[in-house]
$ cat coords-v9.tsv   # TSV, C-alpha atoms
chain	number	residue	atom	x	y	z
A	1	MET	CA	-28.13	-13.89	57.75
A	2	GLU	CA	-28.85	-16.89	55.54
A	3	LEU	CA	-26.84	-20.05	56.30
A	4	ARG	CA	-25.87	-22.38	53.45
A	5	GLU	CA	-24.43	-25.89	53.54
A	6	LEU	CA	-20.81	-26.30	52.43
A	7	GLY	CA	-20.65	-29.33	50.15
A	8	ARG	CA	-20.75	-32.54	52.18
A	9	THR	CA	-18.86	-31.11	55.18
A	10	GLY	CA	-21.94	-30.60	57.35
A	11	LEU	CA	-20.76	-27.04	57.98
A	12	LYS	CA	-23.29	-24.24	57.53
A	13	LEU	CA	-21.71	-20.94	56.57
A	14	SER	CA	-23.23	-17.48	56.48
A	15	SER	CA	-23.91	-16.43	52.87
A	16	VAL	CA	-21.64	-13.43	53.50
A	17	GLY	CA	-18.21	-14.38	54.87
A	18	PHE	CA	-15.72	-12.10	56.60
A	19	GLY	CA	-12.56	-11.79	54.52
A	20	ALA	CA	-9.86	-10.91	57.02
A	21	SER	CA	-7.06	-9.86	54.65
A	22	PRO	CA	-7.70	-6.14	55.45
A	23	LEU	CA	-6.94	-6.90	59.13
A	24	GLY	CA	-3.35	-7.41	57.95
A	25	ASN	CA	-3.21	-3.70	56.97
A	26	VAL	CA	-3.29	-4.74	53.31
A	27	PHE	CA	-5.59	-1.82	52.41
A	28	GLY	CA	-4.51	0.77	54.97
A	29	THR	CA	-3.93	0.61	58.72
A	30	VAL	CA	-6.58	-0.97	60.94
A	31	SER	CA	-6.32	-0.53	64.70
A	32	ASP	CA	-6.83	-3.55	66.97
A	33	GLU	CA	-9.90	-1.81	68.43
A	34	GLU	CA	-11.46	-1.39	64.99
A	35	ALA	CA	-10.66	-5.00	64.09
A	36	VAL	CA	-12.23	-6.33	67.31
A	37	ALA	CA	-15.30	-4.13	66.81
A	38	SER	CA	-15.70	-5.21	63.16
A	39	VAL	CA	-15.42	-8.93	63.92
A	40	GLY	CA	-17.74	-8.51	66.92
A	41	LEU	CA	-20.42	-6.74	64.90
A	42	ALA	CA	-20.11	-9.23	62.03
A	43	PHE	CA	-20.64	-12.12	64.45
A	44	LYS	CA	-23.61	-10.41	66.15
A	45	SER	CA	-25.11	-9.78	62.70
A	46	GLY	CA	-25.04	-13.48	61.82
A	47	ILE	CA	-21.73	-13.76	59.95
A	48	ASN	CA	-20.13	-16.98	61.22
A	49	PHE	CA	-17.37	-17.55	58.63
A	50	PHE	CA	-13.94	-15.91	58.92
A	51	ASP	CA	-11.19	-16.45	56.33
A	52	THR	CA	-7.51	-15.52	56.62
A	53	SER	CA	-4.00	-16.60	55.54
A	54	PRO	CA	-0.44	-16.29	56.84
A	55	TYR	CA	0.25	-14.37	53.61
A	56	TYR	CA	-2.08	-11.48	54.48
A	57	GLY	CA	0.00	-8.74	56.02
A	58	GLY	CA	2.86	-11.18	56.59
A	59	THR	CA	0.99	-13.10	59.35
A	60	LEU	CA	-0.62	-9.93	60.85
A	61	SER	CA	-4.14	-10.82	59.65
A	62	GLU	CA	-4.07	-14.15	61.50
A	63	LYS	CA	-2.79	-12.52	64.72
A	64	VAL	CA	-5.41	-9.76	64.67
A	65	LEU	CA	-8.24	-12.13	63.74
A	66	GLY	CA	-7.16	-14.45	66.57
A	67	LYS	CA	-7.36	-11.56	69.03
A	68	ALA	CA	-10.77	-10.49	67.71
A	69	LEU	CA	-12.24	-14.00	67.84
A	70	LYS	CA	-11.00	-14.45	71.41
A	71	ALA	CA	-12.69	-11.17	72.33
A	72	LEU	CA	-16.04	-12.59	71.15
A	73	GLY	CA	-16.09	-14.92	74.15
A	74	ALA	CA	-18.33	-17.19	72.03
A	75	PRO	CA	-18.27	-21.01	71.92
A	76	ARG	CA	-15.69	-22.26	69.41
A	77	THR	CA	-18.38	-24.23	67.57
A	78	SER	CA	-20.36	-21.06	66.85
A	79	TYR	CA	-17.97	-19.79	64.17
A	80	VAL	CA	-16.03	-21.27	61.27
A	81	VAL	CA	-12.39	-20.33	60.67
A	82	ALA	CA	-10.47	-20.95	57.46
A	83	THR	CA	-6.80	-20.27	56.91
A	84	LYS	CA	-4.33	-21.22	54.21
A	85	CYS	CA	-0.84	-22.59	53.65
A	86	GLY	CA	1.76	-22.58	50.88
A	87	ARG	CA	1.89	-18.83	50.25
A	88	TYR	CA	3.92	-16.56	52.52
A	89	LYS	CA	5.45	-13.10	52.54
A	90	GLU	CA	8.72	-14.82	51.59
A	91	GLY	CA	7.16	-16.62	48.61
A	92	PHE	CA	5.55	-19.96	47.79
A	93	ASP	CA	6.41	-23.28	49.41
A	94	PHE	CA	4.04	-26.21	48.88
A	95	SER	CA	6.37	-28.84	50.37
A	96	ALA	CA	4.85	-31.26	52.89
A	97	GLU	CA	7.36	-30.11	55.51
A	98	ARG	CA	6.44	-26.42	55.13
A	99	VAL	CA	2.66	-26.82	55.10
A	100	THR	CA	2.83	-29.11	58.15
A	101	ARG	CA	4.82	-26.50	60.06
A	102	SER	CA	2.57	-23.77	58.70
A	103	ILE	CA	-0.60	-24.95	60.42
A	104	GLU	CA	1.14	-25.09	63.82
A	105	GLU	CA	2.26	-21.47	63.35
A	106	SER	CA	-1.23	-20.42	62.21
A	107	LEU	CA	-2.94	-22.07	65.19
A	108	GLU	CA	-0.63	-20.24	67.55
A	109	ARG	CA	-1.36	-16.88	65.90
A	110	LEU	CA	-5.10	-17.56	65.78
A	111	GLN	CA	-5.06	-18.81	69.41
A	112	LEU	CA	-7.01	-21.90	68.32
A	113	ASP	CA	-6.63	-25.66	68.77
A	114	TYR	CA	-7.83	-26.37	65.21
A	115	VAL	CA	-9.16	-24.59	62.14
A	116	ASP	CA	-12.30	-25.68	60.35
A	117	ILE	CA	-10.80	-25.38	56.86
A	118	LEU	CA	-7.16	-25.42	55.77
A	119	GLN	CA	-6.62	-24.42	52.14
A	120	CYS	CA	-3.62	-24.65	49.88
A	121	HIS	CA	-3.19	-21.01	48.81
A	122	ASP	CA	-3.02	-19.91	45.14
A	123	ILE	CA	-1.82	-23.24	43.81
A	124	GLU	CA	-1.27	-21.91	40.27
A	125	PHE	CA	2.02	-20.45	41.54
A	126	GLY	CA	3.43	-23.89	42.30
A	127	SER	CA	3.68	-27.23	40.53
A	128	LEU	CA	0.16	-28.66	40.39
A	129	ASP	CA	1.67	-32.15	40.37
A	130	GLN	CA	3.48	-31.38	43.64
A	131	VAL	CA	0.17	-30.12	45.05
A	132	VAL	CA	-1.52	-33.40	44.03
A	133	ASN	CA	1.28	-35.78	45.08
A	134	GLU	CA	2.82	-34.06	48.10
A	135	THR	CA	0.84	-31.11	49.48
A	136	ILE	CA	-2.64	-32.59	49.58
A	137	PRO	CA	-1.48	-35.89	51.17
A	138	ALA	CA	0.20	-33.75	53.87
A	139	LEU	CA	-3.07	-31.85	54.41
A	140	VAL	CA	-4.94	-35.16	54.68
A	141	LYS	CA	-2.56	-36.14	57.51
A	142	LEU	CA	-3.22	-32.80	59.26
A	143	LYS	CA	-6.95	-33.50	58.97
A	144	GLU	CA	-6.45	-36.96	60.49
A	145	ALA	CA	-4.42	-35.35	63.30
A	146	GLY	CA	-7.29	-32.98	64.11
A	147	LYS	CA	-5.41	-29.79	63.18
A	148	THR	CA	-8.10	-29.00	60.60
A	149	ARG	CA	-11.56	-30.43	60.04
A	150	PHE	CA	-11.59	-29.99	56.26
A	151	ILE	CA	-9.15	-29.21	53.46
A	152	GLY	CA	-9.29	-27.29	50.20
A	153	ILE	CA	-7.49	-25.42	47.43
A	154	THR	CA	-7.64	-21.82	46.22
A	155	GLY	CA	-6.57	-19.94	43.11
A	156	LEU	CA	-7.61	-17.75	40.19
A	157	PRO	CA	-7.53	-19.86	36.96
A	158	LEU	CA	-10.58	-22.13	37.04
A	159	SER	CA	-8.71	-24.88	35.18
A	160	ILE	CA	-6.59	-25.64	38.27
A	161	PHE	CA	-9.60	-27.02	40.14
A	162	SER	CA	-10.43	-29.74	37.64
A	163	TYR	CA	-6.73	-30.54	37.15
A	164	VAL	CA	-6.37	-31.34	40.84
A	165	LEU	CA	-9.81	-32.84	41.51
A	166	ASP	CA	-9.41	-35.27	38.61
A	167	ARG	CA	-6.11	-36.51	40.07
A	168	VAL	CA	-6.82	-37.00	43.78
A	169	PRO	CA	-8.93	-39.84	45.19
A	170	PRO	CA	-12.67	-38.98	45.28
A	171	GLY	CA	-13.64	-37.27	48.54
A	172	THR	CA	-10.09	-36.11	49.32
A	173	LEU	CA	-10.84	-32.39	48.98
A	174	ASP	CA	-13.77	-30.76	50.77
A	175	VAL	CA	-13.70	-27.17	49.51
A	176	VAL	CA	-12.59	-24.95	46.65
A	177	LEU	CA	-12.20	-21.21	47.01
A	178	SER	CA	-12.42	-19.28	43.75
A	179	TYR	CA	-12.14	-15.51	43.45
A	180	CYS	CA	-13.14	-12.85	40.89
A	181	HIS	CA	-15.09	-15.43	38.85
A	182	TYR	CA	-18.63	-14.85	40.06
A	183	SER	CA	-18.95	-11.11	39.78
A	184	LEU	CA	-20.85	-8.62	37.62
A	185	ASN	CA	-18.01	-8.66	35.08
A	186	ASP	CA	-17.15	-12.38	35.14
A	187	SER	CA	-19.47	-15.23	36.10
A	188	THR	CA	-17.50	-18.15	34.60
A	189	LEU	CA	-17.43	-19.97	37.96
A	190	GLY	CA	-21.12	-20.66	37.30
A	191	ASP	CA	-20.16	-22.94	34.38
A	192	LEU	CA	-17.95	-25.02	36.68
A	193	VAL	CA	-20.54	-25.45	39.45
A	194	PRO	CA	-22.11	-28.70	38.10
A	195	TYR	CA	-18.64	-30.28	37.85
A	196	LEU	CA	-17.65	-29.14	41.36
A	197	LYS	CA	-20.93	-30.45	42.77
A	198	SER	CA	-20.34	-33.79	41.04
A	199	LYS	CA	-17.02	-33.97	42.92
A	200	GLY	CA	-18.82	-33.24	46.20
A	201	VAL	CA	-16.81	-30.13	47.06
A	202	GLY	CA	-18.21	-27.02	48.72
A	203	ILE	CA	-17.78	-23.75	46.82
A	204	ILE	CA	-16.65	-20.44	48.30
A	205	HIS	CA	-16.38	-17.30	46.19
A	206	ALA	CA	-14.13	-14.43	47.21
A	207	SER	CA	-13.82	-10.87	45.95
A	208	PRO	CA	-17.30	-10.13	44.59
A	209	LEU	CA	-15.96	-6.61	43.90
A	210	SER	CA	-13.24	-8.09	41.63
A	211	MET	CA	-10.38	-6.72	43.77
A	212	GLY	CA	-11.74	-3.17	43.62
A	213	LEU	CA	-12.87	-3.04	39.97
A	214	LEU	CA	-16.51	-2.83	41.06
A	215	THR	CA	-16.17	0.13	43.41
A	216	GLN	CA	-16.74	3.85	43.13
A	217	ALA	CA	-13.07	4.51	43.96
A	218	GLY	CA	-11.84	2.05	41.34
A	219	PRO	CA	-9.13	-0.62	41.58
A	220	PRO	CA	-5.65	-0.17	43.10
A	221	GLN	CA	-2.89	0.78	40.67
A	222	TRP	CA	-1.42	-2.72	40.64
A	223	HIS	CA	-4.67	-4.34	39.49
A	224	PRO	CA	-3.85	-6.81	36.66
A	225	ALA	CA	-7.04	-6.22	34.63
A	226	SER	CA	-6.76	-4.92	31.06
A	227	PRO	CA	-7.36	-1.20	30.37
A	228	ALA	CA	-10.59	-2.15	28.52
A	229	LEU	CA	-11.94	-4.06	31.54
A	230	LYS	CA	-10.96	-1.28	33.97
A	231	SER	CA	-12.61	1.29	31.73
A	232	ALA	CA	-15.88	-0.68	31.44
A	233	CYS	CA	-16.05	-1.17	35.23
A	234	GLN	CA	-15.36	2.54	35.74
A	235	ALA	CA	-18.17	3.41	33.31
A	236	ALA	CA	-20.54	1.05	35.13
A	237	ALA	CA	-19.63	2.57	38.52
A	238	ALA	CA	-20.17	6.09	37.14
A	239	HIS	CA	-23.54	5.06	35.66
A	240	CYS	CA	-24.66	3.65	39.03
A	241	LYS	CA	-23.58	6.80	40.85
A	242	GLU	CA	-25.48	8.97	38.38
A	243	LYS	CA	-28.62	6.91	39.08
A	244	GLY	CA	-28.09	7.17	42.85
A	245	LYS	CA	-27.11	3.49	43.05
A	246	ASN	CA	-24.04	1.80	44.56
A	247	ILE	CA	-22.13	-0.56	42.27
A	248	SER	CA	-20.46	-2.35	45.20
A	249	LYS	CA	-23.80	-3.21	46.77
A	250	LEU	CA	-25.14	-4.42	43.41
A	251	ALA	CA	-21.97	-6.51	42.89
A	252	LEU	CA	-22.25	-8.21	46.29
A	253	GLN	CA	-25.94	-8.92	45.77
A	254	PHE	CA	-25.26	-10.40	42.32
A	255	SER	CA	-22.70	-12.81	43.82
A	256	LEU	CA	-25.13	-13.81	46.58
A	257	LEU	CA	-27.88	-14.70	44.07
A	258	ASN	CA	-26.28	-18.06	43.22
A	259	LYS	CA	-27.31	-20.39	46.05
A	260	GLU	CA	-24.89	-23.10	44.83
A	261	ILE	CA	-22.09	-20.87	46.13
A	262	THR	CA	-22.06	-21.39	49.87
A	263	SER	CA	-20.42	-18.17	51.00
A	264	VAL	CA	-19.26	-14.95	49.37
A	265	LEU	CA	-16.16	-13.61	51.10
A	266	VAL	CA	-15.87	-9.84	51.35
A	267	GLY	CA	-12.84	-8.10	52.80
A	268	MET	CA	-13.88	-5.99	55.80
A	269	LYS	CA	-11.92	-3.70	58.05
A	270	SER	CA	-14.43	-1.36	59.69
A	271	VAL	CA	-17.77	-1.37	61.45
A	272	GLU	CA	-19.18	0.71	58.55
A	273	GLN	CA	-18.15	-1.92	55.98
A	274	VAL	CA	-19.72	-4.68	58.06
A	275	GLU	CA	-22.96	-2.66	58.35
A	276	GLU	CA	-23.05	-2.01	54.58
A	277	ASN	CA	-22.47	-5.66	53.65
A	278	VAL	CA	-25.00	-7.00	56.15
A	279	ALA	CA	-27.58	-4.43	54.97
A	280	ALA	CA	-26.98	-5.42	51.33
A	281	ALA	CA	-27.55	-9.11	52.13
A	282	ARG	CA	-30.69	-8.37	54.16
A	283	GLU	CA	-32.09	-6.10	51.43
A	284	LEU	CA	-31.50	-8.84	48.85
A	285	ALA	CA	-33.34	-11.37	51.05
A	286	THR	CA	-36.36	-9.11	51.54
A	287	CYS	CA	-36.62	-7.08	48.30
A	288	GLY	CA	-34.51	-8.96	45.74
A	289	ILE	CA	-31.95	-7.34	43.44
A	290	ASP	CA	-32.47	-4.09	41.51
A	291	GLU	CA	-33.18	-5.72	38.12
A	292	GLU	CA	-33.09	-2.43	36.23
A	293	ALA	CA	-29.66	-1.45	37.57
A	294	LEU	CA	-28.41	-4.99	36.99
A	295	SER	CA	-29.42	-5.09	33.32
A	296	GLU	CA	-27.99	-1.60	32.69
A	297	VAL	CA	-24.64	-2.58	34.24
A	298	GLU	CA	-24.59	-5.88	32.36
A	299	ALA	CA	-25.11	-3.98	29.09
A	300	ILE	CA	-22.12	-1.73	29.86
A	301	MET	CA	-20.01	-4.79	30.73
A	302	LYS	CA	-21.03	-6.83	27.68
A	303	PRO	CA	-17.92	-6.11	25.51
A	304	VAL	CA	-15.58	-7.30	28.30
A	305	ARG	CA	-17.82	-9.94	29.88
A	306	ASN	CA	-15.85	-12.86	31.35
A	307	HIS	CA	-12.47	-11.29	30.51
A	308	SER	CA	-9.97	-12.29	33.20
A	309	TRP	CA	-6.22	-11.86	33.58
A	310	PRO	CA	-3.33	-14.32	33.84
A	311	SER	CA	-2.20	-15.58	37.23
A	312	GLY	CA	0.51	-18.02	38.27
A	313	ILE	CA	3.20	-19.85	36.36
A	314	GLN	CA	2.74	-21.64	33.05
A	315	GLN	CA	1.92	-25.25	33.91
A	316	SER	CA	3.46	-27.82	31.57
$ encode --input "coords-v9.tsv" --output "structure tokens"
Amino acid sequence: MELRELGRTGLKLSSVGFGASPLGNVFGTVSDEEAVASVGLAFKSGINFFDTSPYYGGTLSEKVLGKALKALGAPRTSYVVATKCGRYKEGFDFSAERVTRSIEESLERLQLDYVDILQCHDIEFGSLDQVVNETIPALVKLKEAGKTRFIGITGLPLSIFSYVLDRVPPGTLDVVLSYCHYSLNDSTLGDLVPYLKSKGVGIIHASPLSMGLLTQAGPPQWHPASPALKSACQAAAAHCKEKGKNISKLALQFSLLNKEITSVLVGMKSVEQVEENVAAARELATCGIDEEALSEVEAIMKPVRNHSWPSGIQQS
């Protein structure tokens, strides 16, 4: 598994990261045995980056991931753990008091002394000015206290990243995590990469399958995409199937092509999913991407290319 440097942190992350939200039973029940086996196989296969949040499964993802990491019996320095703060089953709370308490709770669930990355979760649902003036200074203190090595922000609208990065002292933030913006249907994160690099932050991309849009089964019912976007993705998936290709594999490989993105986080909950994702990354490294399938899918997507959906509250 290829390792890529994360901004100026000195961390090297596997190009494929293990998204642990499914371990919180977010997409169906996962037994502890299956979770431990999945994390174990991922680690053996060269995946060293594991991402979770107290929001996933109402803290269950963190507990299960903690158990699975402990079962590895590997040195703590051999894997990178990211969690989040500010978003909970009960709602959003970006106050300094809550995020400070949050990391203590997360460390207990993860059975760790520190996390490598602590991220403020889905900041578009709070006041961005509170995030700048209160939340991030609190995260800086947690970094100084050794509770986390690095800090970052996550969210869907790309505009939130520049809003915050332009208002905090240079070098304050180490990482941004963007999702659904470097996929077959939407690659707008690519336009922001030069800016993010100029700010010295590492870039993580999550959800290369656009929350289920780029799968044979299709997205969950609650998916916020427009009918036109859903329909185009469905047509692309059907076209791939007809040609004996897998749209999900193509989607992951497309996201991995951009080496400026350090790690692509994929939700995993079974040994089979780990095997598929690792095989897709290895195939890309040895044979490259299926250019024919890629151009055919891009042609189908063209009318809805870079269409996203609203997320968060209207910022004044």
$ closest_residue --input "coords-v9.tsv" --among "A:Gly10, A:Gly146, A:Gly40, A:Pro219" --to "Tyr114 (chain A)" --atoms "all atoms listed in the file"
A:Gly146
$ atom_distance --input "coords-v9.tsv" --atom1 "CA of Lys141 (chain A)" --atom2 "CA of Ser15 (chain A)"
29.4 Å
$ atom_distance --input "coords-v9.tsv" --atom1 "CA of Gly58 (chain A)" --atom2 "CA of Thr29 (chain A)"
13.8 Å
$ closest_atom_pairs --input "coords-v9.tsv" --of "region 98-165 of chain A" --to "region 299-316 of chain A" --cutoff "7 Å" --atoms "only C-alpha atoms" --output "tab-separated table"
residue	atom	partner	partner_atom	distance
A:Glu124	CA	A:Gly312	CA	4.7
A:Phe125	CA	A:Gly312	CA	4.3
A:Leu156	CA	A:Ser311	CA	6.5
A:Pro157	CA	A:Ser311	CA	6.8
$ residues_near_point --input "coords-v9.tsv" --point "(-31.3, -13.9, 46.7)" --cutoff "7 Å" --atoms "all atoms listed in the file" --output "list in words"
Leu256, Leu257, Leu284, Ala285 and Gly288 of chain A
$ write_last_selection --input "coords-v9.tsv" --atoms "C-alpha atoms" --output "compact mmCIF listing (two decimals), keeping the file's coordinate frame"
# COMPACT_ATOMS: atom_id res chain seq x y z
CA LEU A 256 -25.13 -13.81 46.58
CA LEU A 257 -27.88 -14.70 44.07
CA LEU A 284 -31.50 -8.84 48.85
CA ALA A 285 -33.34 -11.37 51.05
CA GLY A 288 -34.51 -8.96 45.74
$ residues_around --input "coords-v9.tsv" --residues "Gly19 (chain A)" --least-positions-apart "6" --cutoff "8 Å" --atoms "all atoms listed in the file" --output "PyMOL selection string"
chain A and resi 50-52+206+265-268
$ atom_distance --input "coords-v9.tsv" --atom1 "CA of Ala74 (chain A)" --atom2 "CA of Leu173 (chain A)"
28.6 Å
$ closest_residue --input "coords-v9.tsv" --among "A:Tyr55, A:Asn48, A:Leu196, A:Glu5" --to "Asp166 (chain A)" --atoms "all atoms listed in the file"
A:Leu196
$ closest_residue --input "coords-v9.tsv" --among "A:Glu97, A:Glu144, A:Asp290, A:Asp122" --to "Ser178 (chain A)" --atoms "only C-alpha atoms"
A:Asp122
$ residues_near_point --input "coords-v9.tsv" --point "(-0.4, -34.9, 46.4)" --cutoff "12 Å" --atoms "all atoms listed in the file" --output "list in words"
Phe94, Ser95, Ala96, Cys120, Ser127, Leu128, Asp129, Gln130, Val131, Val132, Asn133, Glu134, Thr135, Ile136, Pro137, Ala138, Leu139, Val140, Lys141, Ile153, Val164, Leu165, Asp166, Arg167, Val168, Pro169, Thr172 and Leu173 of chain A
$ residues_around --input "coords-v9.tsv" --residues "His223 (chain A)" --least-positions-apart "6" --cutoff "9 Å" --atoms "all atoms listed in the file" --output "list in words"
Met211, Gly212, Leu213 and Lys230 of chain A
$ residues_around --input "coords-v9.tsv" --residues "Leu189 (chain A)" --least-positions-apart "2" --cutoff "9 Å" --atoms "all atoms listed in the file" --output "PyMOL selection string"
chain A and resi 158+178-182+186-187+191-193+205
$ closest_residue --input "coords-v9.tsv" --among "A:Ser183, A:Ser45, A:Ser14, A:Ser38" --to "Val80 (chain A)" --atoms "all atoms listed in the file"
A:Ser14
$ closest_residue --input "coords-v9.tsv" --among "A:Gly202, A:Gln273, A:Ser255, A:Tyr88" --to "Thr188 (chain A)" --atoms "all atoms listed in the file"
A:Ser255
$ closest_residue --input "coords-v9.tsv" --among "A:Ala42, A:His121, A:Thr9, A:Ala145" --to "Tyr56 (chain A)" --atoms "only C-alpha atoms"
A:His121
$ residues_around --input "coords-v9.tsv" --residues "Phe43 (chain A)" --least-positions-apart "2" --cutoff "12 Å" --atoms "only C-alpha atoms" --output "PyMOL selection string"
chain A and resi 1+13-14+16-18+36-41+45-50+68-69+71-75+78-80+271+274-275+278
